[in-house]
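Q: My structure is stored as work.cif, with mmCIF, C-alpha atoms and all ligand atoms.
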```cif
data_input
#
loop_
_atom_site.label_atom_id
_atom_site.label_comp_id
_atom_site.auth_asym_id
_atom_site.auth_seq_id
_atom_site.Cartn_x
_atom_site.Cartn_y
_atom_site.Cartn_z
CA MET A 1 -23.00 100.63 -34.20
CA ILE A 2 -25.89 100.62 -36.70
CA ILE A 3 -29.12 99.49 -35.05
CA SER A 4 -31.78 97.88 -37.21
CA SER A 5 -35.34 99.11 -36.64
CA THR A 6 -36.40 95.51 -36.07
CA ALA A 7 -33.88 94.82 -33.29
CA PRO A 8 -36.00 94.12 -30.19
CA LEU A 9 -35.87 95.13 -26.58
CA LEU A 10 -35.38 91.94 -24.56
CA PHE A 11 -36.95 91.72 -21.10
CA PHE A 12 -35.89 88.95 -18.75
CA ASP A 13 -37.43 87.65 -15.51
CA SER A 14 -38.04 84.34 -13.78
CA GLY A 15 -41.76 84.62 -14.48
CA VAL A 16 -44.40 87.27 -15.17
CA GLY A 17 -42.86 89.97 -12.94
CA GLY A 18 -41.01 91.69 -15.76
CA LEU A 19 -44.37 92.63 -17.27
CA SER A 20 -44.43 95.42 -14.66
CA VAL A 21 -41.40 96.88 -16.47
CA LEU A 22 -42.58 96.01 -19.97
CA GLY A 23 -45.93 97.80 -19.38
CA PRO A 24 -44.52 101.29 -18.75
CA THR A 25 -41.86 100.76 -21.45
CA ARG A 26 -44.54 100.07 -24.06
CA ALA A 27 -46.32 103.24 -22.97
CA LEU A 28 -43.17 105.25 -23.80
CA LEU A 29 -42.00 103.25 -26.82
CA PRO A 30 -45.18 101.87 -28.38
CA SER A 31 -43.59 100.58 -31.58
CA ALA A 32 -40.65 98.82 -29.95
CA PRO A 33 -40.28 95.18 -31.06
CA THR A 34 -40.33 93.14 -27.87
CA VAL A 35 -39.10 89.78 -26.64
CA TYR A 36 -40.16 88.84 -23.12
CA VAL A 37 -38.38 85.91 -21.49
CA ALA A 38 -39.71 84.06 -18.45
CA ASP A 39 -37.17 81.61 -17.06
CA SER A 40 -40.01 79.43 -15.89
CA ALA A 41 -37.71 76.40 -15.61
CA GLY A 42 -35.67 78.31 -13.02
CA PHE A 43 -38.62 79.92 -11.19
CA PRO A 44 -38.69 81.03 -8.39
CA TYR A 45 -35.37 82.85 -8.23
CA GLY A 46 -36.06 84.15 -4.73
CA LYS A 47 -35.45 80.72 -3.25
CA ARG A 48 -32.23 80.08 -5.14
CA SER A 49 -28.71 80.62 -3.91
CA GLU A 50 -26.47 83.46 -5.04
CA ALA A 51 -24.20 80.94 -6.80
CA GLU A 52 -27.08 79.43 -8.77
CA ILE A 53 -28.34 82.84 -9.96
CA ALA A 54 -24.83 84.08 -10.74
CA SER A 55 -24.16 81.14 -13.05
CA ARG A 56 -27.62 80.63 -14.54
CA VAL A 57 -28.60 84.17 -15.52
CA PRO A 58 -25.52 85.24 -17.55
CA ALA A 59 -25.45 81.91 -19.41
CA LEU A 60 -29.12 82.09 -20.30
CA LEU A 61 -28.94 85.73 -21.34
CA GLY A 62 -25.94 84.90 -23.52
CA ARG A 63 -28.02 82.32 -25.42
CA LEU A 64 -30.95 84.72 -25.70
CA VAL A 65 -28.85 87.57 -27.03
CA GLU A 66 -27.41 85.26 -29.65
CA ARG A 67 -30.86 84.11 -30.69
CA PHE A 68 -32.75 87.42 -30.71
CA ARG A 69 -29.98 90.00 -31.26
CA PRO A 70 -31.65 92.66 -29.07
CA ARG A 71 -30.59 96.30 -29.12
CA LEU A 72 -30.79 96.29 -25.31
CA ALA A 73 -31.48 93.72 -22.59
CA VAL A 74 -33.47 94.50 -19.46
CA ILE A 75 -33.04 92.30 -16.40
CA ALA A 76 -36.57 92.95 -15.18
CA CYS A 77 -35.94 91.09 -11.95
CA ASN A 78 -34.50 92.47 -8.71
CA THR A 79 -33.15 89.11 -7.59
CA ALA A 80 -31.15 88.55 -10.78
CA SER A 81 -30.05 92.20 -10.94
CA THR A 82 -28.83 92.53 -7.35
CA ILE A 83 -26.85 89.30 -7.71
CA ALA A 84 -25.75 89.05 -11.34
CA LEU A 85 -25.89 92.46 -13.05
CA ASP A 86 -22.12 92.87 -13.21
CA HIS A 87 -21.58 89.31 -14.47
CA VAL A 88 -24.20 89.83 -17.18
CA ARG A 89 -22.75 93.17 -18.25
CA SER A 90 -19.29 91.70 -18.62
CA ALA A 91 -20.60 88.65 -20.51
CA LEU A 92 -22.76 90.49 -23.08
CA ASP A 93 -21.92 92.97 -25.79
CA VAL A 94 -25.30 94.77 -25.66
CA PRO A 95 -26.36 97.46 -23.16
CA VAL A 96 -27.96 95.91 -20.08
CA VAL A 97 -30.44 97.71 -17.84
CA GLY A 98 -30.99 96.26 -14.38
CA THR A 99 -33.78 96.56 -11.84
CA VAL A 100 -32.74 97.38 -8.30
CA PRO A 101 -34.84 98.28 -5.25
CA ALA A 102 -36.11 101.88 -5.41
CA ILE A 103 -34.83 102.77 -1.93
CA LYS A 104 -33.68 106.26 -2.92
CA PRO A 105 -37.10 107.58 -4.05
CA ALA A 106 -38.73 105.85 -1.06
CA ALA A 107 -36.39 107.66 1.36
CA GLU A 108 -37.10 110.93 -0.45
CA GLN A 109 -40.81 110.65 0.24
CA SER A 110 -41.17 108.84 3.57
CA ARG A 111 -42.32 111.09 6.41
CA SER A 112 -42.26 108.50 9.19
CA ARG A 113 -38.73 107.41 8.12
CA VAL A 114 -39.84 103.79 8.45
CA ILE A 115 -39.77 102.03 5.09
CA GLY A 116 -40.72 98.49 4.18
CA VAL A 117 -38.58 96.75 1.57
CA LEU A 118 -40.63 93.95 0.11
CA GLY A 119 -38.73 91.65 -2.21
CA THR A 120 -37.72 88.05 -2.56
CA GLU A 121 -35.80 86.30 0.20
CA ALA A 122 -32.70 86.37 -2.00
CA THR A 123 -32.98 90.08 -2.81
CA VAL A 124 -33.52 91.40 0.71
CA ARG A 125 -30.34 89.73 1.99
CA GLN A 126 -28.10 91.19 -0.74
CA PRO A 127 -25.15 93.49 0.11
CA TYR A 128 -26.42 95.56 -2.83
CA VAL A 129 -29.45 96.44 -0.69
CA ASP A 130 -27.23 97.23 2.34
CA ASP A 131 -25.32 99.59 0.10
CA LEU A 132 -28.46 101.37 -1.22
CA ALA A 133 -29.73 101.67 2.36
CA ALA A 134 -26.45 103.18 3.60
CA ARG A 135 -26.18 105.62 0.68
CA PHE A 136 -29.76 106.84 0.41
CA ALA A 137 -31.67 105.96 3.58
CA ALA A 138 -29.16 106.19 6.41
CA ASP A 139 -31.65 108.08 8.58
CA CYS A 140 -34.49 105.61 7.95
CA THR A 141 -35.42 102.33 9.56
CA LEU A 142 -35.66 99.77 6.75
CA ILE A 143 -37.76 96.71 7.48
CA ARG A 144 -36.98 94.04 4.92
CA GLN A 145 -39.26 91.16 4.12
CA GLY A 146 -38.82 88.41 1.56
CA SER A 147 -42.14 87.04 0.38
CA PRO A 148 -42.30 83.99 -1.87
CA ALA A 149 -46.07 83.96 -1.22
CA LEU A 150 -46.56 87.31 -2.97
CA VAL A 151 -44.55 86.10 -5.97
CA GLU A 152 -46.88 83.10 -6.25
CA LEU A 153 -49.95 85.33 -5.84
CA ALA A 154 -48.77 87.58 -8.70
CA GLU A 155 -48.24 84.53 -10.93
CA ALA A 156 -51.71 83.25 -9.96
CA LYS A 157 -53.34 86.60 -10.73
CA LEU A 158 -51.83 86.75 -14.21
CA SER A 159 -53.03 83.21 -14.81
CA GLY A 160 -56.59 84.33 -14.06
CA GLY A 161 -56.70 83.35 -10.38
CA ALA A 162 -58.50 85.38 -7.72
CA VAL A 163 -56.26 87.14 -5.20
CA SER A 164 -57.97 88.43 -2.07
CA VAL A 165 -56.95 91.34 0.10
CA ALA A 166 -56.80 88.85 3.00
CA ASP A 167 -54.17 86.81 1.09
CA ILE A 168 -52.08 89.95 0.66
CA ALA A 169 -52.49 91.09 4.27
CA ALA A 170 -51.41 87.63 5.48
CA ALA A 171 -48.33 87.74 3.24
CA THR A 172 -47.23 91.20 4.39
CA LYS A 173 -48.05 90.70 8.08
CA PRO A 174 -44.45 89.98 9.29
CA MET A 175 -43.24 93.35 8.03
CA PHE A 176 -45.95 95.29 9.87
CA ALA A 177 -45.55 93.12 12.99
CA ALA A 178 -41.80 93.86 13.21
CA ASP A 179 -40.42 96.43 15.63
CA ARG A 180 -41.61 99.89 14.35
CA GLY A 181 -43.54 98.09 11.59
CA ALA A 182 -46.73 99.94 12.49
CA GLN A 183 -45.01 103.18 11.41
CA ILE A 184 -44.26 102.02 7.86
CA ASP A 185 -45.60 104.71 5.51
CA THR A 186 -43.78 103.64 2.33
CA ILE A 187 -43.12 100.23 0.81
CA VAL A 188 -40.46 99.64 -1.84
CA LEU A 189 -41.75 97.05 -4.29
CA ALA A 190 -38.35 95.37 -4.58
CA CYS A 191 -39.58 92.49 -6.73
CA THR A 192 -40.98 93.10 -10.19
CA HIS A 193 -43.86 90.74 -9.48
CA PHE A 194 -45.29 93.02 -6.80
CA PRO A 195 -46.47 96.02 -8.88
CA LEU A 196 -48.78 93.49 -10.54
CA LEU A 197 -50.52 93.32 -7.13
CA ALA A 198 -50.55 97.09 -6.54
CA ASP A 199 -54.36 97.36 -6.33
CA GLU A 200 -54.56 94.56 -3.79
CA LEU A 201 -51.60 95.93 -1.79
CA ARG A 202 -53.24 99.38 -1.69
CA ALA A 203 -56.50 97.84 -0.50
CA ALA A 204 -54.67 95.86 2.21
CA HIS A 205 -52.62 98.88 3.37
CA PRO A 206 -54.54 102.08 2.70
CA GLY A 207 -52.48 105.22 3.19
CA VAL A 208 -49.15 103.42 2.68
CA ALA A 209 -47.27 104.64 -0.41
CA LEU A 210 -45.96 102.00 -2.83
CA VAL A 211 -42.75 102.74 -4.70
CA ASP A 212 -42.45 100.95 -8.03
CA GLY A 213 -39.20 101.31 -9.97
CA GLY A 214 -40.83 100.24 -13.28
CA PRO A 215 -41.66 103.69 -14.72
CA GLY A 216 -38.14 104.95 -13.95
CA ILE A 217 -36.61 101.94 -15.70
CA ALA A 218 -38.86 102.59 -18.70
CA ARG A 219 -37.56 106.18 -18.86
CA ARG A 220 -34.00 104.87 -18.69
CA ILE A 221 -34.68 102.48 -21.60
CA ALA A 222 -36.19 105.33 -23.63
CA PHE A 223 -33.14 107.49 -22.84
CA LEU A 224 -30.65 104.79 -23.85
CA THR A 225 -32.45 104.14 -27.13
CA ARG A 226 -33.15 107.80 -28.05
CA GLY A 227 -32.54 108.55 -31.72
CA GLN A 228 -32.67 104.85 -32.69
CA PRO A 229 -34.94 103.71 -35.53
CA TRP A 230 -38.19 101.86 -34.73
CA PRO A 231 -40.61 100.11 -37.07
CA GLU A 232 -43.74 102.07 -38.03
CA ALA A 233 -45.93 99.55 -36.26
CA PRO A 234 -44.68 97.07 -33.68
CA PRO A 235 -44.38 93.45 -34.82
CA PRO A 236 -46.17 90.94 -32.55
CA GLY A 237 -44.21 90.61 -29.34
CA ILE A 238 -42.63 87.25 -28.53
CA ALA A 239 -42.92 85.56 -25.12
CA VAL A 240 -40.27 82.90 -24.48
CA PHE A 241 -40.64 80.31 -21.71
CA THR A 242 -37.75 78.11 -20.63
CA GLY A 243 -40.13 75.60 -19.05
CA GLU A 244 -43.71 74.58 -19.78
CA PRO A 245 -45.59 76.81 -22.25
CA PRO A 246 -48.14 79.18 -20.68
CA SER A 247 -51.75 78.20 -19.96
CA PRO A 248 -54.44 79.75 -22.20
CA ALA A 249 -55.31 82.22 -19.40
CA LEU A 250 -51.69 83.32 -19.08
CA ALA A 251 -51.33 83.54 -22.87
CA ALA A 252 -54.35 85.89 -22.88
CA ALA A 253 -52.69 88.06 -20.20
CA LEU A 254 -49.46 88.16 -22.22
CA ALA A 255 -51.42 89.27 -25.29
CA ARG A 256 -52.61 92.30 -23.29
CA TYR A 257 -48.93 93.31 -23.18
CA GLY A 258 -48.56 92.88 -26.94
CA LEU A 259 -46.98 89.41 -26.60
CA HIS A 260 -48.88 87.46 -29.21
CA GLU A 261 -46.36 84.77 -30.09
CA VAL A 262 -45.16 82.12 -27.63
CA GLN A 263 -41.92 80.18 -27.96
CA THR A 264 -40.14 77.75 -25.67
CA LEU A 265 -36.40 77.60 -25.25
N1 LIG B 301 -39.50 88.98 -10.23
C1 LIG B 301 -38.37 88.61 -9.49
C2 LIG B 301 -37.74 89.78 -8.76
O1 LIG B 301 -37.92 90.90 -9.14
C3 LIG B 301 -38.21 87.28 -8.85
C4 LIG B 301 -39.36 86.44 -8.40
C5 LIG B 301 -38.87 85.01 -8.12
O2 LIG B 301 -38.62 84.29 -9.10
O3 LIG B 301 -38.72 84.65 -6.94
O4 LIG B 301 -36.99 89.60 -7.84
#
```
Can I see the file as structure tokens?
Ligand code: DGL

A:
Amino acid sequence: MIISSTAPLLFFDSGVGGLSVLGPTRALLPSAPTVYVADSAGFPYGKRSEAEIASRVPALLGRLVERFRPRLAVIACNTASTIALDHVRSALDVPVVGTVPAIKPAAEQSRSRVIGVLGTEATVRQPYVDDLAARFAADCTLIRQGSPALVELAEAKLSGGAVSVADIAAATKPMFAADRGAQIDTIVLACTHFPLLADELRAAHPGVALVDGGPGIARRIAFLTRGQPWPEAPPPGIAVFTGEPPSPALAAALARYGLHEVQTL
């Protein structure tokens, strides 16, 4: 298939979380045309049922692919990927990259063999996660926590709000209070919103390693698009919101990721 240099990479999340995948991708592919979609009308995905995600995400991505004709779509959301990746792949005729919890690299580096898996409530209950745990971390204790509060804190931070270390420590407390929780030495950031809070998470839990799948996904995107033509300079990136348009503070944050144009769907 001939790929036009202007065909974008399309990133999809429920909110701002996918920026943690877009950021490292831009670092590797600085002239890639970019469309970033926040399904703000469906946010938060973590509180939705499997059936809702499995019907909503492929339908929405189908519309988006028709509208923007991307060369590749990235489901920059663990919740949508662990539930709907196969449905999306069979519904679309473009390559689709998903985002799934980085349990394998976490198990490779944990010394205490006690790993926290911090995601949304929907993600941490997925059989997909059971499968990753059985394949790559069978000798580890995995303590899973779904945290809608952290998702909200990441959204607030990107909208210019202050996030305190105390807020973060309160949100992550159940994981550390669980049986063997005090031995957690590695946390899998199994929601794309959470790398946006990496500084605050590090301050709340010094000495605990954070595993962020974003850079690995960026490398995968670069690999899948190797040899393809890119424009000499990137056109302004487009941010698409399915609900209300972003506030001025959020629009300023999006511009820092090269997203200078805002559209609503
Ligand atoms: N960023 C999303 C994820 O990676 C979902 C956050 C939400 O909408 O609950 O799972």

Q: Around ligand LIG 301 (chain B), out to 6 Å and counting only C-alpha atoms and all ligand atoms, which residues are there? I want them as a PDB file with C-alpha atoms, in the coordinates of the input.

A:
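Listed below is the output, part-v6.pdb:
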```
ATOM      1  CA  ASP A  13     -37.430  87.650 -15.510  1.00  0.00           C
ATOM      2  CA  SER A  14     -38.040  84.340 -13.780  1.00  0.00           C
ATOM      3  CA  GLY A  17     -42.860  89.970 -12.940  1.00  0.00           C
ATOM      4  CA  PHE A  43     -38.620  79.920 -11.190  1.00  0.00           C
ATOM      5  CA  PRO A  44     -38.690  81.030  -8.390  1.00  0.00           C
ATOM      6  CA  TYR A  45     -35.370  82.850  -8.230  1.00  0.00           C
ATOM      7  CA  GLY A  46     -36.060  84.150  -4.730  1.00  0.00           C
ATOM      8  CA  CYS A  77     -35.940  91.090 -11.950  1.00  0.00           C
ATOM      9  CA  ASN A  78     -34.500  92.470  -8.710  1.00  0.00           C
ATOM     10  CA  THR A  79     -33.150  89.110  -7.590  1.00  0.00           C
ATOM     11  CA  THR A 120     -37.720  88.050  -2.560  1.00  0.00           C
ATOM     12  CA  VAL A 151     -44.550  86.100  -5.970  1.00  0.00           C
ATOM     13  CA  CYS A 191     -39.580  92.490  -6.730  1.00  0.00           C
ATOM     14  CA  THR A 192     -40.980  93.100 -10.190  1.00  0.00           C
ATOM     15  CA  HIS A 193     -43.860  90.740  -9.480  1.00  0.00           C
TER      16      HIS A 193
END
```

Q: Name all residues at most 7 Å from segment 102-119 of chain A (count only C-alpha atoms; drop same-chain ones fewer than 2 positions away) and give them as number ranges by chain.

A: A: 100, 121, 123-124, 132-133, 136-137, 140-147, 175, 183-191, 211-213

Q: Any idea what the distance is between atom CA of Val163 of chain A and atom CA of Arg256 of chain A?

A: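 A separation of 19.2 Å between them.
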
Q: Is there a way to get, as a list in words, all residues within 10 Å of the point (-45.1, 76.4, -25.5) in file coordinates, counting all atoms listed in the file?

A: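 Result, sorted by chain then residue number: Ala239, Val240, Phe241, Thr242, Gly243, Glu244, Pro245, Pro246, Ser247, Ala251, Glu261, Val262, Gln263, Thr264 and Leu265 of chain A.
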
Q: Rounded to one decimal, what separation in Å do you get between atom CA of Ala182 of chain A and atom CA of Ala203 of chain A?

A: 16.4 Å

Q: May I ask which of the residues A:Ser20, A:Thr34, A:Thr25, A:Ser55 is the closest one to Ala7 of chain A, counting only C-alpha atoms?

A: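 Smallest distance to Ala7 of chain A is found for A:Thr34.
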
Q: Using only C-alpha atoms, can you tell me which of A:Val96, A:Val129, A:Ala233, A:Leu254 comes closest to Leu29 of chain A?

A: A:Ala233

Q: Find the residues around Pro235 of chain A up to 12 Å (only C-alpha atoms counted), leave out those fewer than 3 positions away in its own chain, and share them as number ranges by chain.

A: A: 5-9, 30-35, 230-232, 238, 258-261
